[in-house]
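File shown: upload35.txt (compact mmCIF, C-alpha atoms).
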# COMPACT_ATOMS: atom_id res chain seq x y z
CA MET A 1 -3.77 36.53 0.76
CA CYS A 2 -1.58 33.65 1.74
CA ILE A 3 -2.68 30.27 0.47
CA MET A 4 -1.24 27.25 2.22
CA ILE A 5 0.29 24.94 -0.33
CA PRO A 6 0.52 21.41 1.02
CA LYS A 7 3.98 20.00 0.96
CA ILE A 8 4.85 17.20 -1.40
CA ALA A 9 8.18 15.53 -2.10
CA GLN A 10 10.79 17.84 -3.56
CA ILE A 11 12.49 16.64 -6.71
CA PRO A 12 16.03 17.67 -5.62
CA LEU A 13 15.58 15.50 -2.52
CA VAL A 14 14.38 12.45 -4.47
CA SER A 15 17.17 9.91 -4.62
CA SER A 16 18.04 8.02 -7.79
CA HIS A 17 19.80 4.97 -9.18
CA PRO A 18 20.42 3.79 -12.77
CA GLU A 19 18.09 0.81 -12.18
CA VAL A 20 15.25 2.87 -10.64
CA TYR A 21 12.57 4.83 -12.48
CA ASP A 22 12.86 8.57 -11.79
CA PRO A 23 9.66 10.51 -11.12
CA CYS A 24 8.10 11.39 -14.45
CA ASP A 25 4.78 12.61 -15.88
CA ASP A 26 2.89 9.58 -14.55
CA SER A 27 4.25 10.06 -11.02
CA PHE A 28 3.43 13.79 -11.17
CA ALA A 29 -0.09 13.03 -12.40
CA LEU A 30 -0.69 10.65 -9.48
CA VAL A 31 0.62 13.11 -6.90
CA ASP A 32 -1.44 15.91 -8.50
CA ALA A 33 -4.51 13.69 -8.23
CA LEU A 34 -3.73 13.07 -4.55
CA LEU A 35 -3.24 16.81 -4.02
CA ALA A 36 -6.54 17.56 -5.72
CA ASP A 37 -8.19 15.00 -3.42
CA ARG A 38 -6.31 16.14 -0.33
CA ALA A 39 -9.33 17.57 1.49
CA ASN A 40 -11.10 14.22 1.16
CA LEU A 41 -7.98 12.33 2.23
CA LEU A 42 -7.61 14.48 5.34
CA GLU A 43 -11.24 13.92 6.22
CA HIS A 44 -10.83 10.19 5.54
CA GLN A 45 -8.17 9.94 8.28
CA PRO A 46 -6.55 6.78 6.95
CA SER A 47 -4.74 4.70 9.54
CA ILE A 48 -2.90 2.42 7.10
CA CYS A 49 -1.55 3.81 3.81
CA MET A 50 0.30 1.67 1.33
CA GLU A 51 2.05 1.96 -2.00
CA ILE A 52 2.68 -1.03 -4.24
CA GLY A 53 5.68 -0.40 -6.50
CA CYS A 54 7.23 2.61 -4.78
CA GLY A 55 10.09 3.19 -7.27
CA SER A 56 11.89 6.40 -6.34
CA GLY A 57 9.63 6.98 -3.32
CA TYR A 58 8.28 10.24 -4.76
CA VAL A 59 4.62 9.22 -4.44
CA ILE A 60 4.54 7.63 -0.96
CA THR A 61 6.68 10.47 0.43
CA SER A 62 4.29 13.00 -1.09
CA LEU A 63 1.31 11.14 0.36
CA ALA A 64 2.88 11.13 3.83
CA LEU A 65 3.71 14.84 3.54
CA LEU A 66 0.36 15.96 2.22
CA LEU A 67 -1.43 14.06 4.97
CA GLY A 68 0.63 16.11 7.38
CA GLY A 69 3.16 13.93 9.06
CA ASN A 70 3.58 10.45 10.22
CA SER A 71 2.25 9.89 13.68
CA SER A 72 -1.41 9.37 12.79
CA ALA A 73 -0.96 6.66 10.16
CA TYR A 74 1.15 3.63 9.31
CA TYR A 75 2.83 3.96 5.92
CA ILE A 76 4.16 0.90 4.15
CA ALA A 77 5.54 0.52 0.63
CA THR A 78 6.75 -2.38 -1.47
CA ASP A 79 8.78 -2.84 -4.62
CA ILE A 80 10.10 -5.93 -6.36
CA ASN A 81 13.30 -4.08 -7.23
CA PRO A 82 15.67 -3.94 -4.22
CA HIS A 83 17.40 -0.86 -5.66
CA ALA A 84 14.05 0.94 -5.76
CA VAL A 85 13.36 0.16 -2.11
CA ARG A 86 16.78 1.56 -1.10
CA VAL A 87 16.17 4.68 -3.19
CA THR A 88 12.74 5.09 -1.61
CA GLN A 89 14.31 4.85 1.82
CA GLU A 90 16.77 7.63 0.95
CA THR A 91 13.97 9.81 -0.46
CA ILE A 92 11.83 9.31 2.63
CA GLU A 93 14.69 10.08 5.00
CA ALA A 94 15.65 13.20 3.03
CA HIS A 95 12.14 14.50 3.71
CA GLY A 96 12.17 13.59 7.40
CA CYS A 97 9.35 11.04 7.07
CA HIS A 98 9.08 7.40 7.98
CA VAL A 99 7.69 4.70 5.74
CA GLU A 100 8.12 0.98 6.36
CA LEU A 101 9.54 -0.85 3.36
CA VAL A 102 9.42 -4.42 2.12
CA ILE A 103 11.14 -5.89 -0.91
CA THR A 104 8.48 -8.13 -2.38
CA ASP A 105 6.33 -8.93 -5.41
CA ILE A 106 3.17 -6.76 -5.15
CA ALA A 107 2.12 -7.51 -1.52
CA SER A 108 3.37 -11.07 -1.18
CA GLY A 109 3.94 -11.86 2.51
CA LEU A 110 1.70 -8.96 3.55
CA GLU A 111 -1.63 -9.96 2.01
CA LYS A 112 -2.72 -12.29 4.78
CA ARG A 113 -2.25 -9.94 7.68
CA LEU A 114 -3.21 -6.78 5.80
CA ASN A 115 -6.48 -8.44 4.83
CA ARG A 116 -9.11 -5.64 4.84
CA LEU A 117 -6.84 -3.21 6.68
CA VAL A 118 -5.53 -0.74 4.10
CA ASP A 119 -7.40 2.57 4.00
CA VAL A 120 -5.46 4.20 1.17
CA LEU A 121 -3.59 2.30 -1.53
CA VAL A 122 -1.64 4.09 -4.26
CA VAL A 123 -0.34 2.23 -7.30
CA ASN A 124 1.62 3.46 -10.30
CA PRO A 125 1.97 0.05 -11.97
CA PRO A 126 4.10 -1.04 -14.90
CA TYR A 127 1.48 -0.13 -17.48
CA VAL A 128 3.39 0.10 -20.76
CA PRO A 129 2.29 -2.42 -23.40
CA THR A 130 5.35 -4.60 -24.03
CA PRO A 131 6.13 -8.08 -25.31
CA GLU A 132 5.03 -10.67 -22.75
CA GLU A 133 8.58 -11.84 -22.04
CA GLU A 134 9.60 -8.43 -20.65
CA VAL A 135 7.13 -8.76 -17.78
CA GLY A 136 8.86 -9.90 -14.61
CA CYS A 137 12.32 -8.83 -15.77
CA SER A 138 14.48 -7.47 -13.01
CA GLY A 139 15.76 -3.95 -12.54
CA ILE A 140 14.22 -0.88 -14.13
CA THR A 141 12.31 -2.95 -16.71
CA SER A 142 10.03 -4.07 -13.88
CA SER A 143 8.91 -0.45 -13.49
CA TRP A 144 7.28 -0.25 -16.90
CA ALA A 145 6.87 -3.64 -18.63
CA GLY A 146 3.14 -4.39 -18.57
CA GLY A 147 2.74 -7.08 -21.23
CA VAL A 148 -0.27 -7.23 -23.54
CA ASN A 149 -2.21 -3.93 -23.33
CA GLY A 150 0.00 -3.15 -20.34
CA ARG A 151 -2.45 -5.10 -18.22
CA ASP A 152 -0.42 -8.10 -16.99
CA VAL A 153 0.71 -6.62 -13.69
CA ILE A 154 -2.37 -4.43 -13.22
CA ASP A 155 -4.56 -7.53 -13.48
CA ARG A 156 -2.46 -9.23 -10.80
CA ILE A 157 -2.63 -6.19 -8.53
CA LEU A 158 -6.42 -5.68 -8.65
CA PRO A 159 -7.38 -8.89 -6.75
CA VAL A 160 -4.70 -8.12 -4.15
CA ALA A 161 -6.08 -4.60 -3.76
CA ASP A 162 -9.56 -6.06 -3.33
CA LYS A 163 -8.22 -8.30 -0.58
CA ILE A 164 -6.25 -5.75 1.43
CA LEU A 165 -8.46 -2.66 1.10
CA SER A 166 -10.50 -1.98 4.21
CA ASP A 167 -14.25 -1.45 4.08
CA ARG A 168 -13.56 2.25 3.68
CA GLY A 169 -10.48 1.68 1.52
CA TRP A 170 -9.57 3.86 -1.45
CA LEU A 171 -7.36 2.85 -4.37
CA TYR A 172 -5.62 5.40 -6.59
CA LEU A 173 -4.36 3.74 -9.76
CA VAL A 174 -2.37 5.16 -12.69
CA THR A 175 -3.43 3.82 -16.08
CA LEU A 176 -2.94 4.58 -19.75
CA SER A 177 -5.77 4.70 -22.26
CA GLU A 178 -4.19 1.56 -23.79
CA ASN A 179 -4.87 -0.26 -20.50
CA ASN A 180 -8.59 0.31 -21.06
CA PRO A 181 -9.30 2.11 -17.76
CA LEU A 182 -13.05 1.82 -18.24
CA ASP A 183 -12.75 -1.96 -18.42
CA ILE A 184 -10.79 -1.83 -15.15
CA CYS A 185 -13.61 0.20 -13.56
CA LEU A 186 -16.19 -2.25 -14.88
CA GLN A 187 -14.22 -5.25 -13.62
CA MET A 188 -13.94 -3.70 -10.16
CA ARG A 189 -17.60 -2.71 -10.23
CA ARG A 190 -18.44 -6.42 -10.31
CA LYS A 191 -16.59 -6.67 -7.00
CA GLY A 192 -18.60 -3.80 -5.58
CA TYR A 193 -16.37 -0.83 -6.28
CA ALA A 194 -17.47 2.58 -7.41
CA SER A 195 -14.93 4.49 -9.43
CA ARG A 196 -14.08 7.83 -10.90
CA ILE A 197 -11.37 9.03 -13.21
CA ILE A 198 -10.10 11.89 -11.10
CA LEU A 199 -7.43 13.14 -13.46
CA GLN A 200 -6.76 12.79 -17.14
CA ARG A 201 -3.63 14.15 -18.73
CA SER A 202 -2.14 13.84 -22.17
CA THR A 203 1.58 14.12 -22.50
CA GLN A 204 3.59 13.84 -25.69
CA GLU A 205 3.77 10.10 -25.34
CA GLU A 206 0.93 9.04 -23.09
CA ASN A 207 -2.70 9.59 -22.28
CA LEU A 208 -2.79 9.10 -18.52
CA HIS A 209 -5.85 8.39 -16.40
CA ILE A 210 -5.77 8.36 -12.61
CA ILE A 211 -8.62 6.20 -11.34
CA LYS A 212 -9.94 6.36 -7.80
CA LEU A 213 -11.81 3.23 -6.72
CA TRP A 214 -13.63 2.61 -3.46
CA ARG A 215 -15.87 -0.04 -1.96
CA ASP A 216 -19.45 1.03 -2.28
CA SER A 217 -22.28 -0.95 -0.71
CA GLU A 218 -24.83 0.32 -3.23
CA THR A 219 -22.69 -0.72 -6.15
CA LEU A 220 -22.31 -4.16 -4.60
CA LEU A 221 -26.05 -4.41 -4.05
CA GLU A 222 -26.80 -3.42 -7.64
CA GLU A 223 -24.28 -5.92 -8.93
CA ASN A 224 -25.72 -8.70 -6.79
CA GLU A 225 -29.22 -7.91 -7.98
CA CYS A 226 -27.96 -7.84 -11.52
CA MET A 227 -26.29 -11.22 -11.13
CA GLY A 228 -29.39 -12.58 -9.42
CA LEU A 229 -31.53 -11.52 -12.34
CA LYS A 230 -29.16 -13.15 -14.75
CA LYS A 231 -29.17 -16.42 -12.89
CA THR A 232 -32.93 -16.68 -12.54
CA ASN A 233 -33.46 -15.58 -16.14
CA ARG A 234 -36.26 -13.35 -15.10
CA VAL A 235 -35.28 -10.89 -17.76
CA LYS A 236 -34.81 -12.34 -21.19
CA ASN A 237 -33.15 -9.48 -22.99
CA MET A 238 -31.18 -8.05 -20.20
CA ASN A 239 -29.31 -4.92 -20.92
CA PRO A 240 -25.61 -5.17 -20.44
CA ILE A 241 -24.39 -4.26 -16.99
CA PRO A 242 -24.82 -0.53 -16.73
CA PHE A 243 -21.68 1.38 -17.38
CA PRO A 244 -19.92 2.40 -14.19
CA GLN A 245 -20.59 5.91 -13.08
CA VAL A 246 -17.33 7.22 -14.29
CA SER A 247 -17.02 10.93 -14.52
CA VAL A 248 -14.01 12.85 -15.53
CA TRP A 249 -12.79 15.77 -13.55
CA GLY A 250 -10.67 17.82 -15.83
CA CYS A 251 -8.01 19.28 -13.66
CA ASP A 252 -4.48 20.36 -14.06
CA SER A 253 -3.28 21.28 -10.65
CA ARG A 254 0.37 21.22 -11.63
CA ASN A 255 0.10 24.84 -12.72
CA ASN A 256 -0.97 25.72 -9.22
CA ARG A 257 1.85 24.01 -7.47
CA MET B 1 11.68 -2.69 10.31
CA ARG B 2 9.26 -1.87 13.07
CA LEU B 3 7.56 -4.62 15.03
CA LEU B 4 4.32 -3.34 13.52
CA THR B 5 5.62 -4.47 10.14
CA HIS B 6 6.84 -7.76 11.58
CA ASN B 7 3.26 -8.16 12.79
CA MET B 8 1.95 -7.73 9.23
CA LEU B 9 4.35 -10.20 7.58
CA SER B 10 3.91 -13.91 7.15
CA SER B 11 5.75 -16.56 5.18
CA ASN B 12 4.65 -16.43 1.54
CA ILE B 13 6.19 -19.71 0.42
CA LYS B 14 3.85 -21.89 -1.61
CA GLY B 15 2.22 -24.60 0.47
CA VAL B 16 3.03 -23.07 3.84
CA THR B 17 -0.12 -22.98 5.96
CA ASN B 18 1.28 -21.82 9.27
CA GLY B 19 3.55 -18.95 8.26
CA PHE B 20 2.84 -16.53 11.09
CA PRO B 21 4.52 -15.11 13.07
CA LEU B 22 7.94 -15.16 11.48
CA ARG B 23 10.69 -15.86 14.00
CA MET B 24 13.35 -13.21 14.29
CA GLU B 25 17.06 -13.69 14.01
CA VAL B 26 18.50 -10.55 15.53
CA GLY B 27 21.73 -9.01 14.31
CA LYS B 28 21.27 -5.36 15.20
CA VAL B 29 18.43 -3.49 16.88
CA VAL B 30 18.04 0.28 16.75
CA GLU B 31 15.65 2.54 18.63
CA LYS B 32 14.15 5.57 16.95
CA THR B 33 11.99 8.10 18.77
CA VAL B 34 8.51 8.45 17.29
CA ASP B 35 5.85 11.04 18.20
CA PHE B 36 3.34 9.54 20.60
CA ASN B 37 -0.22 9.37 19.27
CA ALA B 38 -2.72 7.66 21.55
CA ASP B 39 -5.52 7.62 18.96
CA PHE B 40 -3.29 5.87 16.45
CA LEU B 41 -2.29 3.28 19.04
CA ARG B 42 -5.89 2.59 20.03
CA ASN B 43 -6.70 2.20 16.34
CA MET B 44 -3.79 -0.19 15.74
CA PHE B 45 -4.49 -2.26 18.84
CA ALA B 46 -7.40 -4.02 17.15
CA LYS B 47 -5.27 -4.78 14.09
CA VAL B 48 -2.25 -6.23 15.90
CA GLU B 49 -1.76 -9.88 16.83
CA TRP B 50 -0.79 -9.41 20.44
CA ASN B 51 1.16 -12.62 21.05
CA ALA B 52 3.31 -12.01 18.01
CA LEU B 53 4.05 -8.50 19.24
CA VAL B 54 5.01 -9.73 22.70
CA GLU B 55 7.29 -12.42 21.28
CA GLY B 56 8.75 -9.97 18.78
CA SER B 57 9.51 -7.39 21.45
CA LYS B 58 11.18 -10.04 23.61
CA ALA B 59 13.32 -11.09 20.65
CA LEU B 60 14.46 -7.46 20.37
CA GLY B 61 15.25 -7.33 24.09
CA TYR B 62 12.15 -5.52 25.42
CA PHE B 63 10.27 -7.37 28.14
CA GLU B 64 7.77 -4.76 29.38
CA LEU B 65 4.67 -5.81 27.42
CA PRO B 66 2.08 -7.82 29.38
CA ASP B 67 1.33 -11.31 28.02
CA ASN B 68 -2.39 -10.79 28.33
CA VAL B 69 -4.27 -7.70 27.28
CA GLU B 70 -7.77 -6.37 27.20
CA SER B 71 -9.13 -3.25 25.58
CA SER B 72 -9.65 -1.52 28.95
CA MET B 73 -5.86 -1.22 29.17
CA LEU B 74 -6.00 1.32 26.37
CA GLU B 75 -7.10 3.84 28.99
CA SER B 76 -3.77 3.45 30.77
CA ASP B 77 -1.10 5.93 29.75
CA GLU B 78 1.61 3.65 31.06
CA PHE B 79 0.39 0.76 28.93
CA LEU B 80 0.05 2.93 25.82
CA HIS B 81 3.62 4.17 26.15
CA LYS B 82 4.93 0.60 26.37
CA PHE B 83 2.79 -0.42 23.41
CA HIS B 84 4.05 2.64 21.48
CA HIS B 85 7.67 1.80 22.20
CA ALA B 86 7.34 -1.85 21.18
CA LEU B 87 5.22 -1.24 18.12
CA LEU B 88 6.97 1.77 16.59
CA GLU B 89 10.31 2.60 18.18
CA LEU B 90 12.12 -0.73 18.14
CA HIS B 91 13.58 -1.60 14.75
CA LEU B 92 15.21 -4.75 13.52
CA GLU B 93 18.04 -3.19 11.52
CA GLN B 94 20.01 -6.30 10.59
CA GLY B 95 18.99 -9.92 10.89
CA ALA B 96 16.43 -12.21 9.37
CA LEU B 97 12.86 -13.41 9.51
CA ILE B 98 12.47 -17.16 9.69
CA CYS B 99 9.49 -19.06 8.32
CA PRO B 100 8.13 -21.02 11.32
CA GLU B 101 7.17 -23.97 9.12
CA THR B 102 10.08 -24.40 6.73
CA GLY B 103 12.90 -22.53 8.44
CA ARG B 104 13.46 -20.50 5.26
CA ARG B 105 15.39 -17.34 6.07
CA PHE B 106 14.25 -13.94 4.76
CA PRO B 107 17.11 -11.47 5.25
CA VAL B 108 16.59 -8.05 6.84
CA SER B 109 19.23 -5.59 5.78
CA LYS B 110 19.37 -1.88 6.69
CA GLY B 111 15.94 -2.31 8.23
CA ILE B 112 14.33 -3.71 5.09
CA PRO B 113 13.04 -7.30 4.87
CA ASN B 114 13.44 -9.09 1.57
CA MET B 115 10.45 -11.38 0.96
CA LEU B 116 11.32 -12.26 -2.65
CA LEU B 117 10.95 -15.96 -3.34
CA HIS B 118 12.93 -18.33 -5.52
CA GLU B 119 11.13 -19.75 -8.53
CA ASP B 120 10.52 -23.11 -6.85
CA GLU B 121 8.90 -21.43 -3.83
CA VAL B 122 6.19 -19.49 -5.70
Just give me the structure of the file as structure tokens.
Amino acid sequence: MCIMIPKIAQIPLVSSHPEVYDPCDDSFALVDALLADRANLLEHQPSICMEIGCGSGYVITSLALLLGGNSSAYYIATDINPHAVRVTQETIEAHGCHVELVITDIASGLEKRLNRLVDVLVVNPPYVPTPEEEVGCSGITSSWAGGVNGRDVIDRILPVADKILSDRGWLYLVTLSENNPLDICLQMRRKGYASRIILQRSTQEENLHIIKLWRDSETLLEENECMGLKKTNRVKNMNPIPFPQVSVWGCDSRNNR
Amino acid sequence: MRLLTHNMLSSNIKGVTNGFPLRMEVGKVVEKTVDFNADFLRNMFAKVEWNALVEGSKALGYFELPDNVESSMLESDEFLHKFHHALLELHLEQGALICPETGRRFPVSKGIPNMLLHEDEV
């Protein structure tokens, strides 16, 4: 039996530069999570797909390839590191795809017009806990330096994601256990997002969690009711906000690639 | 940079209230053939600021887009092909985007706009 394996970016075709982060376990985990969710993504039929912090271009190229070509969606990617954007362009071209690129901080300059337009957003942020002063450094440092708990840049990205995601928008976010992924889910739940950890993988150095977040009207309703109850003090000993419905799908699709 | 991307960019300088659309300073324009997809175009039509697209296409030397549009035109193959060409096939390869309020220049090099700000602009 012949099983169709969806195409993703090929490592030999991924360009590189001394100041750009090469695809590594975290990038592979994110692409594996996208592959595992491919059937849903195809059904979702996103019309605008975006990556914040595209680095080598491995992830956005893989997303474009696994969604089966370019003509049905608009792909756009940003990075604060100009070298990374050039490398991404080379990676994309080597795979015969097209992705629009902007050198910018997160989505600065795009937020206004992309307001509520992005259907799929993928982010592999600088998540490594580092001294505060390393955050915002130029070059390759910008690809990992995440400040206290590795949350500095993540916490700047989340409100932007909330702004630009469409009503049916999905966010795929790479996190480490040190980033407290459940706190991220809880924080986004207050803005009406449901979430699920769709892939968890431990490497020698890191315990990676790929979170998928999406706007969910029921979650928003529950949160509003919850806040309403709090404000009117109708319940004296209110339980803490219920834990988000986070489930873990153990999967290791890399072996199947 | 496609005109679709130009249509999604605005000046991000602190304090600027009227940062859209960015004016274009044209150095080099390239045309790249893109597969035609009518559904995608109909989908994008609602998301695009039409006047900015018309002005942008004129700046890149394409004068075929009508100034006024209505959604019924999306049934016209001729219109869709013009829209397709302007939105996706015309690229600003070299040049700059100019903030309409401050005149600040954001360079576009090898088709990639650089929207990074100086410290005093954030």
Can you work out the spacing between atom CA of A:Val14 and atom CA of A:Leu121 in Å, to one decimal?
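The value is 20.8 Å.
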Within 10 Å of chain A, which residues of chain B are there when counting only C-alpha atoms? Please give them as a ChimeraX atom specification.
/B:1-2,4-13,19-20,34-41,43-44,47-49,88,108,110-117,122
Could the residues in this selection be saved with C-alpha atoms as a tab-separated table (two decimals), in the coordinates of the input?
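Dumped to result.tsv:
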chain	number	residue	atom	x	y	z
B	1	MET	CA	11.68	-2.69	10.31
B	2	ARG	CA	9.26	-1.87	13.07
B	4	LEU	CA	4.32	-3.34	13.52
B	5	THR	CA	5.62	-4.47	10.14
B	6	HIS	CA	6.84	-7.76	11.58
B	7	ASN	CA	3.26	-8.16	12.79
B	8	MET	CA	1.95	-7.73	9.23
B	9	LEU	CA	4.35	-10.20	7.58
B	10	SER	CA	3.91	-13.91	7.15
B	11	SER	CA	5.75	-16.56	5.18
B	12	ASN	CA	4.65	-16.43	1.54
B	13	ILE	CA	6.19	-19.71	0.42
B	19	GLY	CA	3.55	-18.95	8.26
B	20	PHE	CA	2.84	-16.53	11.09
B	34	VAL	CA	8.51	8.45	17.29
B	35	ASP	CA	5.85	11.04	18.20
B	36	PHE	CA	3.34	9.54	20.60
B	37	ASN	CA	-0.22	9.37	19.27
B	38	ALA	CA	-2.72	7.66	21.55
B	39	ASP	CA	-5.52	7.62	18.96
B	40	PHE	CA	-3.29	5.87	16.45
B	41	LEU	CA	-2.29	3.28	19.04
B	43	ASN	CA	-6.70	2.20	16.34
B	44	MET	CA	-3.79	-0.19	15.74
B	47	LYS	CA	-5.27	-4.78	14.09
B	48	VAL	CA	-2.25	-6.23	15.90
B	49	GLU	CA	-1.76	-9.88	16.83
B	88	LEU	CA	6.97	1.77	16.59
B	108	VAL	CA	16.59	-8.05	6.84
B	110	LYS	CA	19.37	-1.88	6.69
B	111	GLY	CA	15.94	-2.31	8.23
B	112	ILE	CA	14.33	-3.71	5.09
B	113	PRO	CA	13.04	-7.30	4.87
B	114	ASN	CA	13.44	-9.09	1.57
B	115	MET	CA	10.45	-11.38	0.96
B	116	LEU	CA	11.32	-12.26	-2.65
B	117	LEU	CA	10.95	-15.96	-3.34
B	122	VAL	CA	6.19	-19.49	-5.70
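Put simply, atom CA of B:Glu55 is 12.2 Å away from atom CA of B:Glu25.
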Would you pick out the contacts of stretch 70-79 of chain B at 9 Å or less, using all atoms listed in the file, so that residues sharing its chain but fewer than 2 positions from it are not included, and give the list as a ChimeraX atom specification?
/B:38,41-42,45-46,65-66,68,81-84
Write out, as an mmCIF file, in the coordinates of the input, the residues just selected, with C-alpha atoms.
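See selection12.cif below for the written result:
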data_model
loop_
_atom_site.group_PDB
_atom_site.id
_atom_site.type_symbol
_atom_site.label_atom_id
_atom_site.label_comp_id
_atom_site.auth_asym_id
_atom_site.auth_seq_id
_atom_site.Cartn_x
_atom_site.Cartn_y
_atom_site.Cartn_z
ATOM 1 C CA ALA B 38 -2.720 7.660 21.550
ATOM 2 C CA LEU B 41 -2.290 3.280 19.040
ATOM 3 C CA ARG B 42 -5.890 2.590 20.030
ATOM 4 C CA PHE B 45 -4.490 -2.260 18.840
ATOM 5 C CA ALA B 46 -7.400 -4.020 17.150
ATOM 6 C CA LEU B 65 4.670 -5.810 27.420
ATOM 7 C CA PRO B 66 2.080 -7.820 29.380
ATOM 8 C CA ASN B 68 -2.390 -10.790 28.330
ATOM 9 C CA HIS B 81 3.620 4.170 26.150
ATOM 10 C CA LYS B 82 4.930 0.600 26.370
ATOM 11 C CA PHE B 83 2.790 -0.420 23.410
ATOM 12 C CA HIS B 84 4.050 2.640 21.480
#
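As for atom CA of A:Pro23 and atom CA of A:Gly147, they are spaced 21.4 Å apart.
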